[in-house]
Each structure stands twice: as structure tokens, then as C-alpha cells.
>>> print(open('entry.cif').read())   # mmCIF, C-alpha atoms and all ligand atoms
data_work
loop_
_atom_site.label_atom_id
_atom_site.label_comp_id
_atom_site.auth_asym_id
_atom_site.auth_seq_id
_atom_site.Cartn_x
_atom_site.Cartn_y
_atom_site.Cartn_z
CA MET A 25 -65.59 136.62 16.96
CA ASP A 26 -66.01 136.80 13.21
CA ILE A 27 -67.41 140.21 12.45
CA ARG A 28 -66.50 142.30 9.40
CA VAL A 29 -66.61 145.97 8.47
CA ASN A 30 -69.52 147.45 6.52
CA MET A 31 -67.64 148.27 3.33
CA ASP A 32 -70.42 150.35 1.74
CA ARG A 33 -70.46 152.63 4.75
CA LEU A 34 -66.65 152.93 4.83
CA LYS A 35 -66.61 153.75 1.12
CA ARG A 36 -69.31 156.39 1.60
CA ASP A 37 -67.35 157.97 4.45
CA LEU A 38 -64.19 158.13 2.34
CA GLU A 39 -66.11 159.69 -0.52
CA GLU A 40 -67.74 162.29 1.74
CA LEU A 41 -64.48 163.24 3.45
CA GLY A 42 -62.72 163.28 0.06
CA CYS A 43 -65.07 166.03 -1.11
CA ILE A 44 -63.96 168.38 1.68
CA GLY A 45 -61.05 170.47 0.42
CA ARG A 46 -61.37 169.23 -3.15
CA ASP A 47 -59.21 171.43 -5.40
CA GLU A 48 -59.26 172.33 -9.10
CA LEU A 49 -56.60 169.69 -9.87
CA GLY A 50 -58.93 166.97 -8.61
CA GLY A 51 -56.80 166.47 -5.50
CA VAL A 52 -57.53 167.28 -1.88
CA SER A 53 -55.92 170.35 -0.28
CA ARG A 54 -56.63 170.04 3.40
CA PRO A 55 -53.63 171.10 5.47
CA SER A 56 -54.31 171.15 9.21
CA PHE A 57 -56.04 174.30 10.49
CA SER A 58 -57.08 175.43 7.00
CA ALA A 59 -60.77 176.22 6.37
CA ALA A 60 -61.16 172.82 4.67
CA ASP A 61 -59.53 171.07 7.63
CA LEU A 62 -61.87 172.82 10.08
CA GLU A 63 -64.81 171.62 7.99
CA ALA A 64 -63.39 168.08 7.94
CA ARG A 65 -62.91 168.18 11.70
CA ALA A 66 -66.54 169.13 12.26
CA TRP A 67 -67.56 166.30 9.91
CA LEU A 68 -65.43 163.78 11.80
CA GLN A 69 -66.73 164.96 15.18
CA LYS A 70 -70.30 164.38 13.95
CA LYS A 71 -69.42 160.90 12.64
CA MET A 72 -67.73 159.92 15.89
CA THR A 73 -70.67 161.15 17.95
CA GLU A 74 -73.22 159.42 15.71
CA ALA A 75 -71.24 156.21 16.15
CA GLY A 76 -71.81 156.43 19.90
CA LEU A 77 -68.22 157.34 20.71
CA CYS A 78 -67.39 159.78 23.48
CA TYR A 79 -65.77 162.70 21.62
CA ARG A 80 -62.86 164.83 22.79
CA GLN A 81 -60.43 167.24 21.14
CA ASP A 82 -57.17 168.23 22.82
CA GLY A 83 -55.29 171.53 22.68
CA ALA A 84 -53.33 170.40 19.62
CA GLY A 85 -56.54 169.65 17.74
CA ASN A 86 -56.10 165.89 17.97
CA GLN A 87 -59.55 164.32 17.81
CA PHE A 88 -60.52 161.24 19.79
CA GLY A 89 -63.64 159.10 19.92
CA ARG A 90 -63.75 156.62 22.77
CA LEU A 91 -65.69 153.57 23.80
CA GLU A 92 -65.30 153.67 27.54
CA CYS A 93 -64.24 150.71 29.61
CA ALA A 94 -62.34 150.40 32.88
CA GLY A 95 -59.47 148.38 31.40
CA ARG A 96 -56.53 149.58 29.35
CA THR A 97 -56.97 151.36 26.00
CA ILE A 98 -56.47 150.12 22.46
CA MET A 99 -56.14 153.03 20.05
CA ALA A 100 -56.48 153.00 16.25
CA GLY A 101 -56.25 155.93 13.88
CA SER A 102 -54.14 158.09 11.63
CA HIS A 103 -54.66 161.63 10.25
CA ILE A 104 -57.07 163.53 8.01
CA ASP A 105 -54.78 166.38 6.94
CA THR A 106 -53.24 166.27 3.47
CA VAL A 107 -50.32 167.81 1.60
CA PRO A 108 -51.39 170.53 -0.87
CA SER A 109 -53.20 168.76 -3.70
CA GLY A 110 -52.78 165.37 -2.09
CA GLY A 111 -54.99 162.33 -2.35
CA ARG A 112 -58.14 161.09 -0.64
CA TYR A 113 -56.70 158.03 1.08
CA ASP A 114 -53.40 158.89 2.78
CA GLY A 115 -54.37 159.07 6.44
CA ALA A 116 -58.13 159.13 5.85
CA VAL A 117 -58.13 155.36 5.36
CA GLY A 118 -56.66 154.80 8.84
CA VAL A 119 -59.05 157.14 10.66
CA LEU A 120 -62.20 156.01 8.86
CA ALA A 121 -61.37 152.29 9.04
CA ALA A 122 -60.82 152.72 12.78
CA LEU A 123 -64.17 154.55 13.05
CA GLU A 124 -65.87 151.78 11.08
CA ALA A 125 -64.28 149.13 13.31
CA ALA A 126 -65.55 150.97 16.41
CA ARG A 127 -69.06 151.14 14.92
CA ARG A 128 -69.08 147.40 14.28
CA ILE A 129 -67.92 146.77 17.85
CA VAL A 130 -70.87 148.88 19.09
CA GLU A 131 -73.39 147.29 16.69
CA GLU A 132 -72.38 143.75 17.58
CA LYS A 133 -72.42 144.63 21.29
CA VAL A 134 -68.95 143.14 21.67
CA PRO A 135 -68.31 142.65 25.40
CA LEU A 136 -65.34 144.91 26.08
CA ALA A 137 -62.50 144.12 28.43
CA LYS A 138 -60.69 147.30 27.36
CA ALA A 139 -61.50 150.77 26.08
CA VAL A 140 -61.20 151.46 22.36
CA GLU A 141 -60.24 154.88 21.07
CA VAL A 142 -60.30 156.22 17.52
CA ALA A 143 -57.67 158.93 16.98
CA SER A 144 -57.08 161.54 14.30
CA PHE A 145 -53.78 163.37 14.78
CA THR A 146 -53.17 166.96 13.66
CA ASP A 147 -50.73 167.84 10.85
CA GLU A 148 -49.09 164.48 10.29
CA GLU A 149 -47.94 165.83 6.93
CA GLY A 150 -45.77 168.54 8.48
CA ASN A 151 -47.27 171.47 6.58
CA LEU A 152 -47.04 173.62 9.72
CA VAL A 153 -43.97 173.25 11.94
CA GLY A 154 -42.30 169.89 11.33
CA ASP A 155 -43.82 166.43 10.90
CA PHE A 156 -46.27 164.84 13.34
CA LEU A 157 -47.31 168.00 15.19
CA GLY A 158 -50.34 166.32 16.77
CA SER A 159 -48.83 163.01 17.80
CA ARG A 160 -45.68 164.77 19.03
CA ALA A 161 -47.84 167.15 21.08
CA PHE A 162 -49.72 164.13 22.49
CA MET A 163 -46.37 162.59 23.47
CA GLY A 164 -44.80 165.82 24.76
CA LEU A 165 -42.09 165.75 22.08
CA LEU A 166 -42.58 169.17 20.51
CA ASP A 167 -39.94 171.80 19.96
CA GLU A 168 -41.38 174.69 21.98
CA ALA A 169 -39.53 177.40 20.03
CA ALA A 170 -40.89 176.10 16.72
CA VAL A 171 -44.44 176.14 18.09
CA ARG A 172 -44.12 179.66 19.49
CA THR A 173 -42.12 181.39 16.75
CA GLY A 174 -42.02 179.04 13.74
CA ARG A 175 -43.23 179.78 10.23
CA THR A 176 -45.28 177.27 8.29
CA SER A 177 -44.16 175.75 5.00
CA PHE A 178 -46.53 178.26 3.35
CA GLY A 179 -44.34 181.09 4.72
CA VAL A 180 -46.74 182.57 7.28
CA PRO A 181 -46.15 182.71 11.05
CA PHE A 182 -47.57 179.61 12.70
CA SER A 183 -49.13 181.83 15.39
CA ASP A 184 -51.30 183.51 12.71
CA VAL A 185 -52.56 180.15 11.48
CA LEU A 186 -53.37 179.09 15.03
CA LYS A 187 -55.26 182.29 15.78
CA MET A 188 -57.36 181.97 12.64
CA ALA A 189 -58.26 178.38 13.49
CA GLY A 190 -59.02 179.14 17.15
CA PHE A 191 -56.03 177.31 18.67
CA THR A 192 -53.10 178.59 20.78
CA ALA A 193 -49.42 177.70 21.24
CA GLU A 194 -50.16 177.18 24.97
CA GLY A 195 -52.92 174.74 24.11
CA ILE A 196 -50.64 172.77 21.80
CA LEU A 197 -47.82 172.63 24.33
CA ALA A 198 -50.28 171.54 27.04
CA ALA A 199 -51.72 168.71 24.90
CA ARG A 200 -49.25 166.22 26.35
CA LYS A 201 -51.07 163.53 28.18
CA ASP A 202 -49.44 160.70 30.03
CA ARG A 203 -51.48 157.71 29.06
CA PRO A 204 -50.34 154.75 31.11
CA ASP A 205 -53.62 153.09 30.06
CA LEU A 206 -52.49 152.92 26.41
CA GLU A 207 -51.70 149.32 25.57
CA ALA A 208 -51.48 149.45 21.79
CA TYR A 209 -51.91 151.74 18.79
CA VAL A 210 -52.70 150.26 15.37
CA GLU A 211 -52.71 152.26 12.15
CA LEU A 212 -53.99 151.20 8.74
CA HIS A 213 -52.30 153.17 5.96
CA ILE A 214 -51.70 153.06 2.22
CA GLU A 215 -48.20 151.84 1.44
CA GLN A 216 -47.22 154.92 -0.62
CA GLY A 217 -44.73 152.74 -2.48
CA PRO A 218 -44.79 149.98 -5.12
CA LEU A 219 -43.78 146.84 -3.22
CA LEU A 220 -47.13 145.26 -2.31
CA GLU A 221 -48.50 145.80 -5.80
CA GLU A 222 -45.34 144.38 -7.37
CA GLU A 223 -45.64 141.27 -5.19
CA GLY A 224 -49.39 141.00 -5.70
CA VAL A 225 -50.00 140.90 -1.94
CA PRO A 226 -52.93 142.84 -0.38
CA ILE A 227 -51.54 143.30 3.15
CA GLY A 228 -48.20 144.56 4.41
CA ILE A 229 -47.35 144.03 8.07
CA VAL A 230 -44.76 146.57 9.09
CA GLU A 231 -41.90 145.31 11.25
CA ARG A 232 -39.73 148.41 11.19
CA ILE A 233 -40.27 152.10 10.49
CA ALA A 234 -37.27 153.95 9.11
CA GLY A 235 -35.78 156.86 11.03
CA LYS A 236 -35.07 160.12 9.28
CA GLN A 237 -32.61 162.94 9.59
CA TYR A 238 -33.45 166.18 7.80
CA ARG A 239 -30.82 168.90 7.50
CA GLN A 240 -30.44 172.30 5.93
CA CYS A 241 -26.94 172.46 4.38
CA ALA A 242 -24.79 174.75 2.26
CA PHE A 243 -21.52 174.80 0.37
CA VAL A 244 -20.01 178.27 0.47
CA GLY A 245 -17.38 179.36 -2.06
CA GLU A 246 -16.75 182.56 -3.97
CA SER A 247 -18.82 184.34 -6.57
CA GLY A 248 -17.00 185.68 -9.59
CA HIS A 249 -17.34 186.66 -13.23
CA ALA A 250 -18.23 183.66 -15.40
CA GLY A 251 -16.11 184.98 -18.27
CA THR A 252 -12.96 186.17 -16.56
CA THR A 253 -12.39 183.70 -13.69
CA PRO A 254 -10.42 180.70 -15.01
CA LEU A 255 -11.94 177.32 -14.18
CA GLU A 256 -8.93 176.24 -12.11
CA LEU A 257 -9.20 179.30 -9.84
CA ARG A 258 -12.86 178.94 -9.00
CA HIS A 259 -14.53 178.02 -5.75
CA ASP A 260 -17.85 177.06 -7.33
CA ALA A 261 -20.36 176.15 -4.62
CA PHE A 262 -22.70 174.44 -7.09
CA LEU A 263 -19.98 172.04 -8.24
CA GLY A 264 -19.46 171.13 -4.60
CA LEU A 265 -23.17 170.35 -4.28
CA ALA A 266 -23.33 168.44 -7.59
CA ASP A 267 -20.30 166.35 -6.68
CA PHE A 268 -21.70 165.74 -3.18
CA ALA A 269 -25.24 164.81 -4.26
CA LEU A 270 -23.98 162.23 -6.75
CA ARG A 271 -21.29 160.67 -4.57
CA ALA A 272 -23.38 160.67 -1.37
CA THR A 273 -26.19 158.85 -3.20
CA GLN A 274 -23.74 156.31 -4.60
CA LEU A 275 -22.22 155.86 -1.17
CA VAL A 276 -25.60 155.09 0.44
CA ALA A 277 -26.57 152.80 -2.45
CA THR A 278 -23.40 150.73 -2.17
CA ARG A 279 -22.49 150.84 1.53
CA HIS A 280 -25.93 151.19 3.15
CA TYR A 281 -28.21 149.14 0.94
CA GLY A 282 -31.92 149.69 1.64
CA SER A 283 -31.36 153.17 3.11
CA THR A 284 -32.12 156.35 1.16
CA LEU A 285 -30.61 159.80 0.72
CA THR A 286 -32.24 162.74 -1.05
CA VAL A 287 -31.29 166.30 -1.93
CA GLY A 288 -34.81 167.60 -2.43
CA LYS A 289 -34.38 171.34 -2.73
CA ALA A 290 -31.47 173.54 -3.81
CA ALA A 291 -30.91 177.25 -4.36
CA LEU A 292 -27.83 178.87 -5.92
CA HIS A 293 -26.65 182.37 -4.99
CA PRO A 294 -26.58 184.90 -6.43
CA GLY A 295 -28.46 182.82 -9.01
CA VAL A 296 -27.35 184.74 -12.08
CA PHE A 297 -26.43 183.02 -15.35
CA SER A 298 -23.14 184.91 -15.73
CA VAL A 299 -21.96 184.62 -12.11
CA ILE A 300 -20.19 181.67 -10.50
CA PRO A 301 -22.38 180.43 -7.64
CA GLY A 302 -20.82 181.58 -4.38
CA ARG A 303 -23.25 179.64 -2.26
CA ALA A 304 -25.43 176.57 -2.75
CA ASP A 305 -28.10 176.00 -0.11
CA PHE A 306 -29.76 172.58 -0.11
CA THR A 307 -31.85 170.21 1.94
CA LEU A 308 -30.48 166.80 2.77
CA GLU A 309 -32.46 163.96 4.20
CA PHE A 310 -31.53 160.36 4.79
CA ARG A 311 -33.52 157.45 6.15
CA SER A 312 -32.66 154.05 7.48
CA ALA A 313 -34.34 151.26 9.41
CA SER A 314 -31.71 150.90 12.14
CA ALA A 315 -30.08 153.35 14.54
CA GLU A 316 -26.64 151.87 13.75
CA SER A 317 -26.96 152.49 10.03
CA MET A 318 -28.35 156.01 10.65
CA ALA A 319 -25.19 156.77 12.63
CA ALA A 320 -22.96 155.17 9.98
CA ILE A 321 -24.62 157.14 7.16
CA GLU A 322 -24.23 160.35 9.14
CA ARG A 323 -20.52 159.65 9.62
CA ASP A 324 -19.89 158.67 5.99
CA VAL A 325 -21.94 161.42 4.37
CA PHE A 326 -20.55 164.27 6.44
CA GLY A 327 -17.01 162.92 6.00
CA LEU A 328 -17.60 163.04 2.26
CA ALA A 329 -18.98 166.60 2.44
CA GLU A 330 -15.90 167.78 4.37
CA ASP A 331 -13.57 166.07 1.83
CA ILE A 332 -15.33 167.71 -1.09
CA ALA A 333 -15.26 171.09 0.63
CA ALA A 334 -11.52 170.78 1.34
CA THR A 335 -10.71 169.68 -2.24
CA ARG A 336 -12.71 172.47 -3.83
CA GLY A 337 -11.83 175.27 -1.43
CA LEU A 338 -15.35 175.57 -0.04
CA ALA A 339 -16.89 175.69 3.41
CA PHE A 340 -19.56 173.15 4.33
CA LEU A 341 -22.37 174.21 6.71
CA SER A 342 -25.12 172.03 8.11
CA ARG A 343 -27.78 172.12 10.80
CA ILE A 344 -30.39 169.58 11.84
CA VAL A 345 -33.98 170.61 11.15
CA ASP A 346 -35.70 167.44 12.27
CA ARG A 347 -34.97 163.83 13.14
CA THR A 348 -36.92 160.73 14.03
CA THR A 349 -35.46 157.50 15.34
CA PRO A 350 -36.08 154.17 13.61
CA VAL A 351 -38.72 152.06 15.31
CA THR A 352 -39.00 148.31 15.61
CA VAL A 353 -42.62 147.25 15.95
CA ALA A 354 -43.14 145.10 19.05
CA PRO A 355 -42.77 141.48 17.87
CA ARG A 356 -45.86 140.41 19.85
CA LEU A 357 -47.97 142.93 17.91
CA VAL A 358 -46.51 141.82 14.57
CA LYS A 359 -47.29 138.22 15.54
CA LEU A 360 -50.82 139.09 16.59
CA ILE A 361 -51.56 140.94 13.31
CA GLU A 362 -50.01 138.09 11.32
CA GLY A 363 -52.16 135.52 13.13
CA GLU A 364 -55.38 137.48 12.53
CA CYS A 365 -54.41 137.98 8.88
CA ARG A 366 -53.85 134.25 8.45
CA SER A 367 -57.17 133.39 10.05
CA LEU A 368 -58.90 135.81 7.67
CA GLY A 369 -57.20 133.98 4.78
CA TYR A 370 -55.41 137.06 3.41
CA ALA A 371 -51.94 136.87 1.91
CA SER A 372 -49.46 139.21 3.60
CA MET A 373 -45.81 140.12 3.68
CA LYS A 374 -43.66 141.70 6.37
CA MET A 375 -42.00 144.94 5.43
CA THR A 376 -40.11 148.05 6.46
CA SER A 377 -41.85 151.40 6.15
CA GLY A 378 -39.65 154.06 4.58
CA ALA A 379 -42.24 156.73 5.39
CA GLY A 380 -42.83 157.88 8.95
CA HIS A 381 -46.35 157.72 10.40
CA ASP A 382 -47.97 158.69 13.69
CA ALA A 383 -47.37 155.07 14.78
CA GLN A 384 -43.65 155.89 14.88
CA ILE A 385 -44.27 158.60 17.48
CA LEU A 386 -46.85 156.59 19.48
CA ALA A 387 -44.32 153.75 19.71
CA GLY A 388 -42.73 155.74 22.54
CA ALA A 389 -45.79 155.06 24.71
CA CYS A 390 -47.12 151.64 23.75
CA ASP A 391 -46.93 148.78 21.25
CA ALA A 392 -47.53 150.58 17.95
CA GLY A 393 -48.08 148.79 14.67
CA LEU A 394 -48.83 149.56 11.04
CA ILE A 395 -50.86 147.64 8.48
CA PHE A 396 -50.33 148.60 4.83
CA ILE A 397 -52.55 148.14 1.81
CA PRO A 398 -51.21 148.57 -1.75
CA SER A 399 -50.93 151.96 -3.42
CA PRO A 400 -51.82 151.34 -7.10
CA ASP A 401 -48.83 152.44 -9.25
CA GLY A 402 -47.12 153.48 -6.02
CA ILE A 403 -48.82 156.88 -6.26
CA SER A 404 -49.52 159.00 -3.18
CA HIS A 405 -49.44 162.68 -2.17
CA ALA A 406 -51.05 163.38 -5.55
CA PRO A 407 -54.57 163.70 -6.98
CA ALA A 408 -54.14 160.31 -8.72
CA GLU A 409 -53.70 158.49 -5.38
CA ARG A 410 -56.03 155.46 -5.33
CA VAL A 411 -56.89 152.34 -3.42
CA ASN A 412 -58.34 149.07 -4.58
CA TRP A 413 -61.62 148.62 -2.61
CA ASP A 414 -60.99 144.89 -2.13
CA ASP A 415 -57.62 145.60 -0.56
CA LEU A 416 -59.11 148.31 1.63
CA GLU A 417 -61.83 145.93 2.82
CA LYS A 418 -59.18 143.38 3.75
CA GLY A 419 -57.09 146.01 5.54
CA ALA A 420 -60.10 147.33 7.46
CA ASN A 421 -61.22 143.81 8.44
CA LEU A 422 -57.70 143.06 9.64
CA LEU A 423 -57.68 146.25 11.71
CA LEU A 424 -61.04 145.30 13.24
CA ARG A 425 -59.86 141.77 14.01
CA THR A 426 -56.66 143.09 15.58
CA LEU A 427 -58.70 145.37 17.86
CA LEU A 428 -61.03 142.49 18.75
CA ALA A 429 -58.08 140.28 19.63
CA TYR A 430 -57.08 142.87 22.22
CA LEU A 431 -60.59 143.72 23.40
CA MET A 432 -62.15 140.35 23.96
CA PRO A 433 -61.80 139.14 27.53
CA GLN A 434 -59.16 136.47 27.65
CA PRO A 435 -60.67 133.08 28.63
ZN ZN B 1 -50.30 159.51 5.98
#
>>> encode(input="entry.cif", output="C-alpha cells")
Amino acid sequence: MDIRVNMDRLKRDLEELGCIGRDELGGVSRPSFSAADLEARAWLQKKMTEAGLCYRQDGAGNQFGRLECAGRTIMAGSHIDTVPSGGRYDGAVGVLAALEAARRIVEEKVPLAKAVEVASFTDEEGNLVGDFLGSRAFMGLLDEAAVRTGRTSFGVPFSDVLKMAGFTAEGILAARKDRPDLEAYVELHIEQGPLLEEEGVPIGIVERIAGKQYRQCAFVGESGHAGTTPLELRHDAFLGLADFALRATQLVATRHYGSTLTVGKAALHPGVFSVIPGRADFTLEFRSASAESMAAIERDVFGLAEDIAATRGLAFLSRIVDRTTPVTVAPRLVKLIEGECRSLGYASMKMTSGAGHDAQILAGACDAGLIFIPSPDGISHAPAERVNWDDLEKGANLLLRTLLAYLMPQP
């Protein structure tokens, strides 16, 4: 069945949603459960209802719009929350393209053999208590202590945020729903990297999603007077961190090609210009597309940290904050998306996603796949985030065709 999305309507939806939570930098600040997010949720509920979808919100604030049918369910979606001063397309593209696909299915009176469900998951960006709050709640994968007693990345107790938005920890923890009816989940998303643009290809078909380990670490040495403690007698925690950050990055670059390692945040104590740092706290995250290489990186990197600590007379401390396992997209789904893409006449390439998405979490319940469109200049999570409308139209048509391939009764 050769039906296409209504691109004018999809564009209008993106523009309308992009105005909610608009900030003075020209970006969108719409973290989940903020006033802007509550406004966006009401907007989305109205759009889903107008489209003729049966609307439901669960205890975690995940929003669903469903076209009922007795068969299994094909879900498509993403998220509408943003990082502070993020862009208009990260997440929004996946939810609104799924909504547009559902509308076209209704308008064309496509005979359904399965239910179709549009999903918008809460706090994919991890502004509150860890990444993927909504999809993890949906899958029953939440850390209960973090939900009950955690603080958000803005420094306030999560319970306060929930109360203000009219949600509860109990509701979030009870959002788990066994969904044996779920057959597949498909997510359209901006690439958030430069590869598709560099290759001049409009569609990326994701085969693997990298896993991630995020740790809070520290080197602990001894503070001392910067003028009177000779260099050779120091236990400078910052030098341990500097040495580690450089060598760990080189190690991943040479021994684990294609994986990444990042020290994203560091704080020296006592943090005084004339005092040798006695402690260096830092975040460490590494990502890789296979479980074997995740384990190998963990072994190599922590071996290196212990070596550096021993050589420099420091202690090395580390605890896991969050981890996700690498996901291989079901080959039959990759093949199906590829086939639909070919029949639409769009060029595509297969790729690995370095960023995690709700699809990674949903993969625990069903075949979950990701379709990427290019991010001009590789920019995302910033006001300058853009999409090329032609690419978006192709991505949305491909999403629609993928849903149709599942929905149409098999002859
Ligand atoms: Zn996203």
C-alpha cells in the first residue's frame, strides 16, 4: 500500500511543539514534569485524541495513543522531553512522525490486522533520576531507591518534582506493564552525529545500539602546601586524574576501536590555587557496541586506574551510577526496514548508534529498531539543532511503511 505522510501537517506539528518551552537562547527547555513539559503533554494528548487514537497515560507519565485491534501491537514513538536549552527535533521527530503515520493509517482506512500504538516516553534525557525513566518504568527496570529518594540533575529532590507535576513514586513504580502483545517498536530519531551527512545518505538503519557504563570515580591523595611540598613527595590527585584520562582514552582508541570513553566532569579538592589537590572527583563513562568489548574495556581501564594509583601513591575509588547493555536490533526488523527503504527508492546505510534511545530499553520486550535521519553539522542537544525537511519526510515515510508492513494482513 503506497501511502505517504502529510509533510505540511508534520512540519506544523513540529513547529507548534517547538514553541512550547522556548527559551531566551532560542532553544527548547522542556525537561519532563516541568511546566513546559506539562503544557506539551496536554498538547500531545489533544493531538492524539483528534487523530482518533484511544489515549492513555500511565503512572510514569508515558503517553500512548492506540488504534485498537485484536491482534498483536506495533508501537512507534520516542520522547518529547529535552535537555535544558536543547533542540526542537531530538525525540519530537519520533513521536510526531509516529502520530502522523497513525493519522494516515486512519485516513486511508487501512484494514488492520494488528493494533498500532504511538508512544511518548517520560524523561528519556535523564534530567530526573537516570536515563530512560519512562521506558524503564514501562519495562519494570527502575531503581526503586532512586525513584523514592533520588535528587534530580537540577539538585532538587525528585519527590518534590513529582508532587508539583501531580505524579507519585508509587505510580511510577507501578507503571510496569507486561505487554505480551507487543510485537515490535520502531523509533525515528535524528542521528545526533555527523556520519549520515558526511556520507550524503538520508537514512540510517541502526543494527546495534551501544551499551554504556557510567561511574562516579575519584583519585584520593594528600593535600599540601604548593610552595613547601617538593614535587617528588607529593600525592597529587589531579595528576592521577590527568594521567588516567589521557592514557585511558588512548587505550580505548588503540585497543577498542569504535568504542568511546569520556571524563565529562571533574572537581578538585580543596580547589585552592596554592594547595595540592588531595582529591579529584570525576565522572567516567564508556560505550561500546558489544558486551564482550564492554567487559574488556572495564577490565583494561580499571587495571590502568589501579596502576596509576599505585605508582602515584593514591587511592582509586569508583562506583557504578548507571549502565545499559548493548543491543543488537533483530535482523528480521533490520531486513524489513531495509526492504521498505529500497522500495521507496531512498539511499540508506546500516550503522551503530552510539547514543542510547528508548528503543534500547524496549528491546527487552520485543523487536525494537531505530531509523536515523541526518543531523546537519552533527548538532544536537543545542538550540542550533536542525533537520532537513526532505530527510525528515523520507524518514517519516519509511516509518509509516514499516508500520504498514507489519499491519497489513498477510496474504
Ligand atoms: Zn532523543
>>> residues_near_point(input="entry.cif", point="(-49.9, 136.3, -0.7)", cutoff="6 Å", atoms="only C-alpha atoms", output="PyMOL selection string")
chain A and resi 225+371-372
>>> residues_around(input="entry.cif", residues="Val185 (chain A)", least_positions_apart="6", cutoff="9 Å", atoms="all atoms listed in the file", output="mmCIF file with C-alpha atoms, keeping the file's coordinate frame")
data_model
loop_
_atom_site.group_PDB
_atom_site.id
_atom_site.type_symbol
_atom_site.label_atom_id
_atom_site.label_comp_id
_atom_site.auth_asym_id
_atom_site.auth_seq_id
_atom_site.Cartn_x
_atom_site.Cartn_y
_atom_site.Cartn_z
ATOM 1 C CA PHE A 57 -56.040 174.300 10.490
ATOM 2 C CA SER A 58 -57.080 175.430 7.000
ATOM 3 C CA LEU A 152 -47.040 173.620 9.720
ATOM 4 C CA THR A 176 -45.280 177.270 8.290
ATOM 5 C CA PHE A 191 -56.030 177.310 18.670
#
>>> residues_near_ligand(input="entry.cif", ligand="ligand ZN 1 (chain B)", cutoff="10 Å", atoms="only C-alpha atoms and all ligand atoms", output="count of residues only")
29
>>> closest_atom_pairs(input="entry.cif", of="region 383-414 of chain A", to="region 331-349 of chain A", cutoff="12 Å", atoms="all atoms listed in the file", output="tab-separated table")
residue	atom	partner	partner_atom	distance
A:Ala383	CA	A:Thr348	CA	11.9
A:Gln384	CA	A:Thr348	CA	8.3
A:Ile385	CA	A:Thr348	CA	8.4
A:Ala387	CA	A:Thr349	CA	10.6
A:Gly388	CA	A:Thr349	CA	10.4
>>> atom_distance(input="entry.cif", atom1="CA of Glu168 (chain A)", atom2="CA of Ala193 (chain A)")
8.6 Å
>>> residues_around(input="entry.cif", residues="Leu368 (chain A)", least_positions_apart="5", cutoff="10 Å", atoms="all atoms listed in the file", output="list in words")
Asp26, Glu362, Gly363, Lys418, Asn421, Leu422 and Arg425 of chain A
>>> write_last_selection(input="entry.cif", atoms="C-alpha atoms", output="PDB file, in the frame of the given file")
ATOM      1  CA  ASP A  26     -66.010 136.800  13.210  1.00  0.00           C
ATOM      2  CA  GLU A 362     -50.010 138.090  11.320  1.00  0.00           C
ATOM      3  CA  GLY A 363     -52.160 135.520  13.130  1.00  0.00           C
ATOM      4  CA  LYS A 418     -59.180 143.380   3.750  1.00  0.00           C
ATOM      5  CA  ASN A 421     -61.220 143.810   8.440  1.00  0.00           C
ATOM      6  CA  LEU A 422     -57.700 143.060   9.640  1.00  0.00           C
ATOM      7  CA  ARG A 425     -59.860 141.770  14.010  1.00  0.00           C
TER       8      ARG A 425
END
